[in-house]
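A.B. asks: What follows is entry00.txt; its format and atoms are compact mmCIF, C-alpha atoms and all ligand atoms.
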```txt
# COMPACT_ATOMS: atom_id res chain seq x y z
CA MET G 1282 13.30 -23.44 -2.05
CA THR G 1283 10.17 -22.41 -3.99
CA VAL G 1284 10.22 -21.38 -7.62
CA LEU G 1285 9.44 -17.86 -6.50
CA SER G 1286 12.55 -17.38 -4.40
CA VAL G 1287 15.05 -18.09 -7.21
CA LEU G 1288 15.89 -14.91 -9.06
CA PRO G 1289 16.72 -15.23 -12.75
CA ASP G 1290 19.95 -13.56 -13.93
CA GLU G 1291 17.92 -11.35 -16.25
CA LEU G 1292 16.22 -9.78 -13.21
CA ARG G 1293 19.51 -9.35 -11.34
CA VAL G 1294 20.99 -7.49 -14.32
CA TRP G 1295 17.93 -5.26 -14.44
CA GLN G 1296 17.92 -4.54 -10.70
CA ALA G 1297 21.63 -3.71 -10.04
CA PRO G 1298 21.74 -0.30 -11.81
CA LEU G 1299 18.35 0.65 -10.38
CA ARG G 1300 19.66 0.19 -6.84
CA ASP G 1301 22.44 2.65 -7.65
CA GLU G 1302 19.82 5.30 -8.43
CA PHE G 1303 18.96 5.60 -4.70
CA PRO G 1304 21.53 7.94 -3.10
CA ILE G 1305 20.69 6.98 0.48
CA ILE G 1306 21.12 3.28 -0.33
CA ALA G 1307 24.36 3.82 -2.26
CA ALA G 1308 25.78 5.92 0.60
CA ASN G 1309 25.15 3.20 3.20
CA PRO G 1310 26.38 -0.11 1.82
CA GLY G 1311 26.67 -1.66 5.30
CA LEU G 1312 23.01 -1.01 6.16
CA ALA G 1313 19.97 -2.87 4.88
CA TYR G 1314 16.80 -0.78 4.66
CA LEU G 1315 13.98 -3.29 5.10
CA ASP G 1316 11.11 -1.01 6.09
CA SER G 1317 9.66 0.11 2.76
CA ALA G 1318 6.11 -0.68 3.84
CA ALA G 1319 6.55 2.21 6.30
CA THR G 1320 8.08 4.52 3.72
CA ALA G 1321 10.07 4.02 0.54
CA GLN G 1322 13.44 5.53 -0.36
CA LYS G 1323 13.59 8.06 -3.19
CA PRO G 1324 15.49 7.69 -6.47
CA GLN G 1325 17.71 10.53 -7.71
CA ALA G 1326 15.17 11.35 -10.45
CA VAL G 1327 12.58 12.26 -7.81
CA LEU G 1328 15.05 14.38 -5.84
CA ASP G 1329 16.14 16.10 -9.06
CA ALA G 1330 12.55 16.87 -10.08
CA VAL G 1331 11.91 18.57 -6.73
CA GLN G 1332 15.20 20.48 -6.88
CA THR G 1333 14.52 21.64 -10.44
CA TYR G 1334 11.00 22.73 -9.60
CA LEU G 1335 12.05 24.66 -6.50
CA THR G 1336 15.01 26.32 -8.17
CA THR G 1337 13.46 27.19 -11.52
CA GLY G 1338 9.73 27.77 -11.11
CA ASN G 1339 8.46 27.59 -7.53
CA ALA G 1340 5.16 29.45 -7.09
CA ASN G 1341 1.66 28.93 -5.79
CA ALA G 1342 -0.84 27.17 -8.03
CA GLY G 1343 -4.05 28.53 -9.52
CA ARG G 1344 -3.49 32.06 -8.27
CA GLY G 1345 -0.92 34.03 -10.23
CA THR G 1346 -0.80 35.45 -13.75
CA TYR G 1347 2.95 35.08 -14.21
CA PRO G 1348 4.80 32.14 -15.83
CA TRP G 1349 6.00 30.34 -12.68
CA ALA G 1350 2.47 30.30 -11.26
CA ASN G 1351 0.95 29.16 -14.53
CA ARG G 1352 3.56 26.46 -14.86
CA THR G 1353 2.85 25.23 -11.32
CA THR G 1354 -0.87 25.07 -12.11
CA ALA G 1355 -0.06 23.08 -15.25
CA LEU G 1356 2.23 20.72 -13.31
CA ILE G 1357 -0.57 19.91 -10.91
CA GLU G 1358 -3.00 19.22 -13.74
CA HIS G 1359 -0.34 17.09 -15.38
CA ALA G 1360 0.09 15.14 -12.11
CA ARG G 1361 -3.63 14.32 -12.18
CA ASP G 1362 -3.42 13.03 -15.74
CA ARG G 1363 -0.25 11.13 -14.91
CA LEU G 1364 -1.96 9.31 -12.07
CA ARG G 1365 -5.01 8.49 -14.18
CA ALA G 1366 -2.74 6.96 -16.82
CA PHE G 1367 -0.74 5.07 -14.17
CA LEU G 1368 -3.93 3.52 -12.82
CA GLY G 1369 -5.25 2.64 -16.28
CA ASP G 1370 -8.28 4.86 -15.77
CA PRO G 1371 -10.79 3.84 -18.47
CA GLU G 1372 -12.83 7.06 -18.16
CA PRO G 1373 -10.40 9.89 -17.36
CA ASP G 1374 -12.97 12.56 -18.27
CA ARG G 1375 -15.26 11.41 -15.52
CA SER G 1376 -12.88 10.57 -12.67
CA GLY G 1377 -11.44 12.94 -10.07
CA VAL G 1378 -7.92 13.05 -8.63
CA HIS G 1379 -7.53 14.84 -5.28
CA PHE G 1380 -4.17 15.32 -3.64
CA VAL G 1381 -4.01 14.57 0.07
CA SER G 1382 -1.26 14.10 2.65
CA GLY G 1383 -1.49 10.31 2.56
CA THR G 1384 -3.77 7.30 2.75
CA THR G 1385 -5.08 8.14 6.21
CA GLU G 1386 -6.26 11.58 5.19
CA GLY G 1387 -7.64 10.30 1.88
CA LEU G 1388 -9.76 7.57 3.44
CA ARG G 1389 -11.00 9.96 6.10
CA ALA G 1390 -12.03 12.49 3.43
CA ILE G 1391 -14.05 9.82 1.57
CA ALA G 1392 -15.74 8.75 4.80
CA ARG G 1393 -16.59 12.26 5.95
CA ASP G 1394 -17.26 14.08 2.70
CA TRP G 1395 -18.84 11.34 0.60
CA LEU G 1396 -19.91 8.20 2.45
CA ALA G 1397 -21.63 10.01 5.32
CA GLY G 1398 -23.74 11.83 2.73
CA VAL G 1399 -24.90 8.77 0.79
CA LEU G 1400 -25.74 6.27 3.53
CA ARG G 1401 -29.38 5.93 4.60
CA ASP G 1402 -31.07 4.45 7.64
CA GLY G 1403 -30.69 0.64 7.56
CA ASP G 1404 -27.78 0.57 5.08
CA GLU G 1405 -24.82 -1.76 5.60
CA ILE G 1406 -21.11 -1.32 4.99
CA ILE G 1407 -18.31 -3.91 5.15
CA VAL G 1408 -14.98 -2.98 6.73
CA PRO G 1409 -11.71 -5.00 7.01
CA PHE G 1410 -10.96 -5.13 10.74
CA ALA G 1411 -7.72 -7.11 10.37
CA ASP G 1412 -6.26 -4.50 8.01
CA HIS G 1413 -4.67 -1.13 8.78
CA ALA G 1414 -6.55 1.04 11.28
CA ALA G 1415 -6.48 3.86 8.71
CA ASN G 1416 -8.95 1.74 6.73
CA THR G 1417 -11.36 1.07 9.58
CA GLU G 1418 -11.50 4.14 11.84
CA PRO G 1419 -12.79 6.61 9.21
CA TRP G 1420 -15.75 4.32 8.41
CA GLN G 1421 -16.51 3.87 12.10
CA GLU G 1422 -16.38 7.65 12.55
CA ALA G 1423 -18.81 8.14 9.66
CA VAL G 1424 -21.21 5.65 11.21
CA ARG G 1425 -20.97 7.40 14.59
CA LEU G 1426 -21.59 10.75 12.93
CA LEU G 1427 -24.71 9.38 11.25
CA ALA G 1428 -25.91 7.75 14.47
CA GLY G 1429 -25.78 11.22 16.04
CA ARG G 1430 -28.25 12.31 13.33
CA GLY G 1431 -30.52 9.32 13.98
CA VAL G 1432 -29.37 7.37 10.89
CA ARG G 1433 -28.49 3.77 11.81
CA VAL G 1434 -25.89 2.15 9.57
CA HIS G 1435 -24.63 -1.37 10.28
CA ILE G 1436 -20.92 -2.13 10.02
CA ARG G 1437 -20.19 -5.72 9.05
CA SER G 1438 -16.74 -7.14 9.54
CA MET G 1439 -14.96 -8.39 6.41
CA PRO G 1440 -14.54 -12.16 6.85
CA TYR G 1441 -11.05 -13.71 6.63
CA ASP G 1442 -9.86 -17.25 6.10
CA PRO G 1443 -7.06 -18.80 8.21
CA ALA G 1444 -4.41 -17.46 5.79
CA HIS G 1445 -5.78 -13.94 6.39
CA ASP G 1446 -7.07 -13.68 2.83
CA TYR G 1447 -10.58 -12.30 2.48
CA ASP G 1448 -13.05 -15.19 2.64
CA ASN G 1449 -15.18 -14.58 -0.42
CA ALA G 1450 -17.63 -17.39 0.24
CA ARG G 1451 -18.56 -15.87 3.60
CA LEU G 1452 -18.45 -12.39 2.09
CA ALA G 1453 -20.97 -13.48 -0.56
CA ALA G 1454 -23.33 -14.69 2.14
CA MET G 1455 -23.06 -11.30 3.84
CA ILE G 1456 -24.07 -9.13 0.87
CA THR G 1457 -27.68 -7.96 1.02
CA GLU G 1458 -29.72 -5.41 -0.91
CA ARG G 1459 -28.73 -2.88 1.78
CA THR G 1460 -24.96 -3.35 1.29
CA ARG G 1461 -23.75 0.00 -0.05
CA PHE G 1462 -19.99 0.08 0.48
CA ILE G 1463 -16.99 -2.23 0.94
CA ALA G 1464 -13.60 -1.04 2.15
CA THR G 1465 -10.73 -3.27 1.01
CA THR G 1466 -6.95 -3.35 0.79
CA HIS G 1467 -4.74 -4.12 -2.19
CA VAL G 1468 -1.80 -5.75 -0.38
CA HIS G 1469 -1.98 -6.54 3.32
CA HIS G 1470 0.53 -4.46 5.28
CA VAL G 1471 1.34 -7.24 7.79
CA TYR G 1472 0.83 -10.53 5.95
CA GLY G 1473 1.92 -9.30 2.51
CA GLY G 1474 -0.93 -11.07 0.70
CA ASP G 1475 -2.46 -9.72 -2.49
CA MET G 1476 -6.06 -9.45 -1.33
CA ASN G 1477 -7.38 -10.29 -4.82
CA VAL G 1478 -9.79 -7.41 -4.98
CA SER G 1479 -11.23 -8.29 -8.38
CA ARG G 1480 -13.00 -11.24 -6.72
CA ILE G 1481 -14.83 -8.85 -4.41
CA ARG G 1482 -16.58 -7.14 -7.30
CA ALA G 1483 -17.75 -10.53 -8.58
CA VAL G 1484 -19.16 -11.32 -5.15
CA ALA G 1485 -20.60 -7.89 -4.40
CA GLY G 1486 -22.37 -7.28 -7.71
CA PRO G 1487 -22.35 -4.11 -9.81
CA ASP G 1488 -23.95 -1.59 -7.45
CA VAL G 1489 -21.79 -1.73 -4.34
CA VAL G 1490 -19.11 0.95 -4.02
CA ILE G 1491 -15.64 -0.53 -3.46
CA CYS G 1492 -12.91 1.62 -1.92
CA LEU G 1493 -9.34 0.35 -2.27
CA ASP G 1494 -6.58 1.18 0.18
CA ALA G 1495 -3.60 0.81 -2.15
CA ALA G 1496 -0.96 2.07 0.30
CA GLN G 1497 1.05 -1.15 -0.16
CA GLY G 1498 0.08 -1.65 -3.79
CA VAL G 1499 1.10 1.42 -5.79
CA GLY G 1500 4.62 0.89 -7.11
CA HIS G 1501 4.74 -2.71 -5.94
CA LEU G 1502 2.47 -4.45 -8.42
CA PRO G 1503 0.49 -3.36 -11.47
CA LEU G 1504 -2.78 -1.73 -10.45
CA SER G 1505 -5.51 -1.39 -13.05
CA VAL G 1506 -8.70 0.25 -11.82
CA ALA G 1507 -10.53 -1.21 -14.82
CA GLU G 1508 -9.46 -4.75 -13.97
CA LEU G 1509 -10.15 -4.42 -10.26
CA ASP G 1510 -13.37 -2.52 -10.99
CA VAL G 1511 -13.12 -0.33 -7.91
CA ASP G 1512 -14.65 3.10 -7.26
CA PHE G 1513 -11.97 4.73 -5.10
CA VAL G 1514 -8.21 4.21 -4.92
CA VAL G 1515 -6.27 5.86 -2.12
CA PHE G 1516 -2.51 5.72 -1.55
CA SER G 1517 0.42 7.48 0.08
CA GLY G 1518 3.02 9.05 -2.22
CA HIS G 1519 5.80 8.58 0.33
CA LYS G 1520 5.39 4.79 0.14
CA ALA G 1521 5.58 5.05 -3.66
CA MET G 1522 8.94 6.91 -3.70
CA ALA G 1523 7.54 10.46 -3.65
CA LEU G 1524 8.03 12.97 -0.81
CA PRO G 1525 6.32 12.62 2.58
CA GLY G 1526 3.06 14.54 2.89
CA THR G 1527 1.85 13.42 -0.54
CA GLY G 1528 -0.90 11.05 -1.57
CA ALA G 1529 -3.99 10.90 -3.71
CA VAL G 1530 -7.61 9.88 -3.88
CA TRP G 1531 -8.73 8.69 -7.30
CA ALA G 1532 -12.52 8.67 -7.52
CA ARG G 1533 -14.32 7.02 -10.40
CA ASN G 1534 -17.52 8.99 -9.85
CA ARG G 1535 -19.88 6.54 -11.49
CA ARG G 1536 -21.93 5.45 -8.46
CA GLY G 1537 -23.59 8.13 -6.37
CA PRO G 1538 -22.61 11.80 -6.27
CA ARG G 1539 -19.18 13.06 -7.34
CA PHE G 1540 -16.58 12.98 -4.60
CA GLU G 1541 -15.44 16.48 -3.66
CA PRO G 1542 -13.48 17.03 -0.44
CA ALA G 1543 -15.37 19.56 1.66
CA GLY G 1544 -14.02 22.99 2.49
CA TRP G 1545 -11.17 25.11 1.26
CA SER G 1546 -7.97 23.12 1.33
CA GLY G 1547 -5.57 26.02 0.78
CA THR G 1548 -2.22 25.90 -0.96
CA PRO G 1549 -1.42 22.49 -2.43
CA ASN G 1550 1.80 20.63 -1.66
CA THR G 1551 3.29 21.69 -4.97
CA ALA G 1552 6.80 20.26 -4.56
CA GLY G 1553 5.29 17.04 -3.20
CA ILE G 1554 2.95 16.73 -6.18
CA VAL G 1555 5.90 17.29 -8.53
CA SER G 1556 7.72 14.49 -6.71
CA LEU G 1557 4.70 12.22 -7.16
CA THR G 1558 4.71 12.67 -10.92
CA ALA G 1559 8.45 11.97 -11.00
CA ALA G 1560 7.99 8.87 -8.83
CA LEU G 1561 5.25 7.48 -11.09
CA ASP G 1562 7.46 8.17 -14.13
CA TRP G 1563 10.36 6.39 -12.43
CA LEU G 1564 8.27 3.39 -11.41
CA GLU G 1565 6.86 3.01 -14.88
CA ARG G 1566 10.31 3.30 -16.45
CA ALA G 1567 11.71 0.69 -14.05
CA GLY G 1568 8.72 -1.57 -14.75
CA VAL G 1569 6.19 -2.27 -12.02
CA ASP G 1570 5.71 -5.84 -13.25
CA ARG G 1571 9.42 -6.51 -12.76
CA ILE G 1572 9.42 -4.76 -9.39
CA GLU G 1573 6.65 -7.15 -8.42
CA ARG G 1574 8.64 -10.21 -9.53
CA TRP G 1575 11.71 -8.96 -7.67
CA THR G 1576 10.00 -8.19 -4.36
CA VAL G 1577 7.85 -11.34 -4.44
CA ALA G 1578 11.02 -13.39 -4.97
CA LEU G 1579 12.85 -11.68 -2.10
CA GLY G 1580 9.83 -12.18 0.16
CA ALA G 1581 9.61 -15.85 -0.77
CA ARG G 1582 13.34 -16.33 -0.18
CA LEU G 1583 13.05 -14.88 3.31
CA THR G 1584 9.89 -16.86 4.06
CA ASP G 1585 11.46 -20.12 2.91
CA GLY G 1586 14.57 -19.45 4.98
CA LEU G 1587 12.53 -18.67 8.09
CA ARG G 1588 10.45 -21.81 7.71
CA ARG G 1589 13.60 -23.90 7.98
CA LEU G 1590 14.38 -22.29 11.36
CA PRO G 1591 12.22 -23.80 14.11
CA ALA G 1592 12.44 -20.75 16.38
CA TYR G 1593 10.43 -18.58 13.96
CA GLU G 1594 6.73 -18.32 13.22
CA VAL G 1595 5.81 -16.58 9.94
CA LEU G 1596 2.42 -14.84 10.09
CA GLY G 1597 -0.34 -15.17 7.50
CA CYS G 1598 -0.38 -16.13 3.87
CA GLN G 1599 0.78 -19.75 4.32
CA ARG G 1600 -0.79 -21.62 1.48
CA SER G 1601 0.75 -19.47 -1.23
CA LEU G 1602 4.22 -20.51 -0.25
CA ALA G 1603 4.28 -23.93 -1.87
CA ALA G 1604 4.31 -22.53 -5.41
CA ASP G 1605 3.14 -19.56 -7.48
CA SER G 1606 -0.40 -19.82 -6.23
CA VAL G 1607 -2.91 -17.81 -8.19
CA VAL G 1608 -5.13 -17.76 -5.15
CA GLN G 1609 -2.92 -15.54 -3.08
CA GLN G 1610 0.68 -14.51 -3.37
CA ARG G 1611 2.87 -12.94 -0.69
CA HIS G 1612 4.38 -9.66 -1.81
CA GLY G 1613 7.55 -8.19 -0.39
CA ILE G 1614 6.27 -8.10 3.20
CA VAL G 1615 7.22 -10.88 5.63
CA THR G 1616 6.20 -10.67 9.27
CA PHE G 1617 7.39 -13.10 11.92
CA ARG G 1618 8.07 -13.76 15.58
CA HIS G 1619 10.86 -15.54 17.38
CA ARG G 1620 9.33 -18.05 19.78
CA ARG G 1621 11.58 -16.99 22.68
CA ILE G 1622 12.99 -13.53 21.90
CA GLY G 1623 10.42 -10.71 22.17
CA SER G 1624 9.79 -8.88 18.90
CA ASN G 1625 10.85 -5.49 20.21
CA ASP G 1626 14.13 -6.98 21.47
CA LEU G 1627 14.58 -8.71 18.13
CA GLY G 1628 14.07 -5.35 16.39
CA PHE G 1629 16.88 -3.82 18.49
CA ILE G 1630 19.19 -6.78 17.82
CA LEU G 1631 18.60 -6.46 14.08
CA ALA G 1632 19.11 -2.68 14.18
CA ALA G 1633 22.45 -3.13 15.97
CA GLU G 1634 23.53 -5.34 13.06
CA GLY G 1635 22.45 -2.80 10.44
CA PHE G 1636 19.03 -4.22 9.52
CA MET G 1637 16.25 -1.60 9.58
CA VAL G 1638 12.96 -3.41 10.18
CA ARG G 1639 9.74 -2.59 11.98
CA ALA G 1640 8.95 -4.29 15.29
CA ASP G 1641 5.54 -3.56 16.86
CA GLY G 1642 1.83 -4.12 16.19
CA HIS G 1643 1.95 -2.39 12.75
CA CYS G 1644 -1.19 -0.23 13.33
CA GLN G 1645 -3.46 -3.20 12.66
CA ALA G 1646 -7.12 -2.59 13.49
CA GLU G 1647 -9.06 -4.38 16.21
CA GLN G 1648 -8.99 -7.89 14.71
CA GLY G 1649 -5.23 -7.72 14.24
CA GLU G 1650 -2.46 -9.68 15.94
CA GLU G 1651 -2.48 -9.59 19.73
CA THR G 1652 1.28 -9.42 20.20
CA ALA G 1653 4.08 -7.56 18.46
CA SER G 1654 5.99 -9.00 15.53
CA VAL G 1655 8.90 -8.10 13.27
CA ARG G 1656 8.10 -6.95 9.75
CA VAL G 1657 10.59 -7.03 6.90
CA SER G 1658 9.40 -5.17 3.82
CA VAL G 1659 11.43 -4.85 0.65
CA HIS G 1660 11.48 -2.77 -2.49
CA VAL G 1661 13.33 -2.77 -5.74
CA TYR G 1662 16.58 -1.52 -4.11
CA ASN G 1663 16.90 -4.54 -1.82
CA THR G 1664 19.10 -7.46 -2.77
CA VAL G 1665 19.32 -11.22 -2.42
CA GLU G 1666 22.54 -10.70 -0.46
CA GLU G 1667 20.72 -8.54 2.12
CA ILE G 1668 18.09 -11.24 2.61
CA ASP G 1669 20.76 -13.93 2.91
CA ARG G 1670 22.75 -11.87 5.45
CA LEU G 1671 19.58 -11.32 7.46
CA LEU G 1672 18.82 -15.05 7.36
CA GLU G 1673 22.35 -15.85 8.58
CA LEU G 1674 21.81 -13.59 11.59
CA LEU G 1675 18.34 -15.01 12.26
CA GLU G 1676 19.82 -18.52 12.05
CA ARG G 1677 22.43 -17.63 14.68
CA LEU G 1678 19.63 -16.33 16.90
CA ASP G 1679 17.68 -19.52 16.22
CA ALA G 1680 20.57 -21.58 17.58
CA GLU G 1681 21.54 -19.31 20.49
CA ALA G 1682 18.23 -18.40 22.07
N1 LIG F 1701 -3.11 1.64 4.81
C1 LIG F 1701 -2.12 0.74 4.76
C2 LIG F 1701 -2.39 -0.61 4.19
C3 LIG F 1701 -0.86 1.08 5.25
O1 LIG F 1701 0.12 0.18 5.21
C4 LIG F 1701 -0.64 2.38 5.78
C5 LIG F 1701 0.66 2.76 6.35
O2 LIG F 1701 1.45 1.95 6.72
C6 LIG F 1701 -1.70 3.27 5.79
C7 LIG F 1701 -2.92 2.88 5.29
C8 LIG F 1701 -1.53 4.67 6.31
O3 LIG F 1701 -0.67 5.39 5.47
P1 LIG F 1701 -0.22 6.88 5.83
O4 LIG F 1701 0.40 6.80 7.20
O5 LIG F 1701 0.77 7.24 4.79
O6 LIG F 1701 -1.42 7.73 5.83
```
Go through the file and emit its structure as structure tokens.
Ligand code: PLP

C.D. replies:
Amino acid sequence: MTVLSVLPDELRVWQAPLRDEFPIIAANPGLAYLDSAATAQKPQAVLDAVQTYLTTGNANAGRGTYPWANRTTALIEHARDRLRAFLGDPEPDRSGVHFVSGTTEGLRAIARDWLAGVLRDGDEIIVPFADHAANTEPWQEAVRLLAGRGVRVHIRSMPYDPAHDYDNARLAAMITERTRFIATTHVHHVYGGDMNVSRIRAVAGPDVVICLDAAQGVGHLPLSVAELDVDFVVFSGHKAMALPGTGAVWARNRRGPRFEPAGWSGTPNTAGIVSLTAALDWLERAGVDRIERWTVALGARLTDGLRRLPAYEVLGCQRSLAADSVVQQRHGIVTFRHRRIGSNDLGFILAAEGFMVRADGHCQAEQGEETASVRVSVHVYNTVEEIDRLLELLERLDAEA
């Protein structure tokens, strides 16, 4: 067993009461929710914040002259400041925070309303084609749009090493004076690796715009925009314990024109934005650094267990498993296949035993896995016992199949 998979008592004592704060988890002790990379469960504090808002001051924002409307406007401004603080924004007076329905919409807005306006004939962009399709298709659409106007932009494919980490040596060789933009990911949604984004800035130099898809990062590990030195951060609120239909684009606005989503976007998702503030408050109170230690340990425990069972193949992120590698560390996402049972069948078998996992191709873009796999993704409410029960079942399937 690796160092990472042993959980100190101090962390167990911290985690137990936090788990009780999730009503859906507490109400279903026989079920194990292991699909947090798809969407996270919500703590009572988030549900209460929405209930309080809707029952004491629900109104539209930026339109009325009466107290509920003014308060709603103030809550939305507060949510912007809250997110800036959460991300460690070093220049909050310059940056912009734009609420969107999720990562997909946020990335598309950057591609359509910002990138397509700044690229020139002969420019190059680098896109991660083994990451989520939400972080490749918008950039391809922008390039197609420009091609229609006679502007040729070259898309280069982000290079990967065999562990599915970005290959920074090959990336360095790819950067030219025409490289304008790099799309990256904070934590890989299939392999669980921290993609070590701060190295990309070192390789790319100071002038290239870096856009971070933090869908699997926010709430899972500390995220400092100053440390990572990125220009855009995009994430989905629903994966960070807020309501569905929420998300944000944080734009640093220091390279090129300010990012402003085009067109009139209408009434904001006020209750959702309130839930996002409450979720960020909750995550900070719980301690994102401890959430990271907890979920990394659960992921390592599952990975170690699977590696002792010959029927299973764990995907990606292999070299980090021997110890706490600083090169790349698997977060709470473990994806695997059974060598004889199909992944979709395995998903049904696990569901019948109360384990909620995802079994498919995980929306990976065109350089993704060719066949389906089973993904287990954990959050702070998951326990060592759930992982051990899952491993017992997988061990039985290892022997039987
Ligand atoms: N990017 C990554 C890395 C993801 O994991 C996901 C969702 O799983 C997305 C983008 C898309 O998020 P959403 O469906 O909330 O827009």

A.B. asks: Do a neighbour search on region 1661-1672 of chain G at 9 Å with only C-alpha atoms, toss out local chain neighbours closer than 2 positions, and write the hits as a PyMOL selection string.

C.D. replies: chain G and resi 1288+1293+1296-1297+1299-1303+1306+1312-1315+1322+1501+1571-1573+1575-1576+1578-1580+1582-1583+1586-1587+1631+1636+1659+1674-1677

A.B. asks: Which residues come within 9 Å of Val1569 (chain G), counting all atoms listed in the file, excluding same-chain residues fewer than 3 positions away, as number ranges by chain?

C.D. replies: G: 1499-1503, 1564-1566, 1572-1574

A.B. asks: Enter the distance from CA of Tyr1347 (chain G) to CA of Leu1328 (chain G), in Å, rounded to one decimal.

C.D. replies: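 Result for CA of Tyr1347 (chain G) versus CA of Leu1328 (chain G): 25.4 Å, one decimal.
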
A.B. asks: Give me, please, the distance in Å between CA of Gly1568 (chain G) and CA of His1660 (chain G), quoted to one decimal.

C.D. replies: 12.6 Å

A.B. asks: Could you tell me how far CA of Asn1416 (chain G) sits from CA of Arg1393 (chain G), in Å to one decimal place?

C.D. replies: 13.0 Å

A.B. asks: Can you sort out region 1317-1335 of chain G so it carries N, CA and C atoms, written as an mmCIF file, in the coordinates of the input?

C.D. replies:
```cif
data_model
loop_
_atom_site.group_PDB
_atom_site.id
_atom_site.type_symbol
_atom_site.label_atom_id
_atom_site.label_comp_id
_atom_site.auth_asym_id
_atom_site.auth_seq_id
_atom_site.Cartn_x
_atom_site.Cartn_y
_atom_site.Cartn_z
ATOM 1 N N SER G 1317 10.302 -0.663 3.828
ATOM 2 C CA SER G 1317 9.660 0.110 2.760
ATOM 3 C C SER G 1317 8.154 0.153 2.877
ATOM 4 N N ALA G 1318 7.554 -0.765 3.638
ATOM 5 C CA ALA G 1318 6.110 -0.680 3.840
ATOM 6 C C ALA G 1318 5.785 0.539 4.704
ATOM 7 N N ALA G 1319 6.755 0.996 5.502
ATOM 8 C CA ALA G 1319 6.550 2.210 6.300
ATOM 9 C C ALA G 1319 6.738 3.437 5.425
ATOM 10 N N THR G 1320 7.868 3.472 4.718
ATOM 11 C CA THR G 1320 8.080 4.520 3.720
ATOM 12 C C THR G 1320 9.182 4.066 2.784
ATOM 13 N N ALA G 1321 9.080 4.478 1.525
ATOM 14 C CA ALA G 1321 10.070 4.020 0.540
ATOM 15 C C ALA G 1321 11.168 5.057 0.368
ATOM 16 N N GLN G 1322 12.351 4.608 -0.025
ATOM 17 C CA GLN G 1322 13.440 5.530 -0.360
ATOM 18 C C GLN G 1322 13.182 6.174 -1.725
ATOM 19 N N LYS G 1323 13.897 7.276 -1.976
ATOM 20 C CA LYS G 1323 13.590 8.060 -3.190
ATOM 21 C C LYS G 1323 14.739 7.957 -4.205
ATOM 22 N N PRO G 1324 14.417 7.707 -5.458
ATOM 23 C CA PRO G 1324 15.490 7.690 -6.470
ATOM 24 C C PRO G 1324 15.937 9.112 -6.813
ATOM 25 N N GLN G 1325 17.140 9.206 -7.367
ATOM 26 C CA GLN G 1325 17.710 10.530 -7.710
ATOM 27 C C GLN G 1325 16.756 11.316 -8.613
ATOM 28 N N ALA G 1326 16.057 10.638 -9.507
ATOM 29 C CA ALA G 1326 15.170 11.350 -10.450
ATOM 30 C C ALA G 1326 14.083 12.124 -9.703
ATOM 31 N N VAL G 1327 13.606 11.571 -8.599
ATOM 32 C CA VAL G 1327 12.580 12.260 -7.810
ATOM 33 C C VAL G 1327 13.200 13.472 -7.102
ATOM 34 N N LEU G 1328 14.388 13.255 -6.525
ATOM 35 C CA LEU G 1328 15.050 14.380 -5.840
ATOM 36 C C LEU G 1328 15.368 15.488 -6.838
ATOM 37 N N ASP G 1329 15.806 15.105 -8.035
ATOM 38 C CA ASP G 1329 16.140 16.100 -9.060
ATOM 39 C C ASP G 1329 14.898 16.890 -9.489
ATOM 40 N N ALA G 1330 13.776 16.190 -9.626
ATOM 41 C CA ALA G 1330 12.550 16.870 -10.080
ATOM 42 C C ALA G 1330 12.142 17.934 -9.062
ATOM 43 N N VAL G 1331 12.281 17.612 -7.780
ATOM 44 C CA VAL G 1331 11.910 18.570 -6.730
ATOM 45 C C VAL G 1331 12.877 19.756 -6.751
ATOM 46 N N GLN G 1332 14.168 19.431 -6.848
ATOM 47 C CA GLN G 1332 15.200 20.480 -6.880
ATOM 48 C C GLN G 1332 14.981 21.408 -8.079
ATOM 49 N N THR G 1333 14.712 20.832 -9.226
ATOM 50 C CA THR G 1333 14.520 21.640 -10.440
ATOM 51 C C THR G 1333 13.292 22.534 -10.279
ATOM 52 N N TYR G 1334 12.212 21.933 -9.778
ATOM 53 C CA TYR G 1334 11.000 22.730 -9.600
ATOM 54 C C TYR G 1334 11.249 23.906 -8.652
ATOM 55 N N LEU G 1335 11.876 23.613 -7.514
ATOM 56 C CA LEU G 1335 12.050 24.660 -6.500
ATOM 57 C C LEU G 1335 13.077 25.707 -6.894
#
```
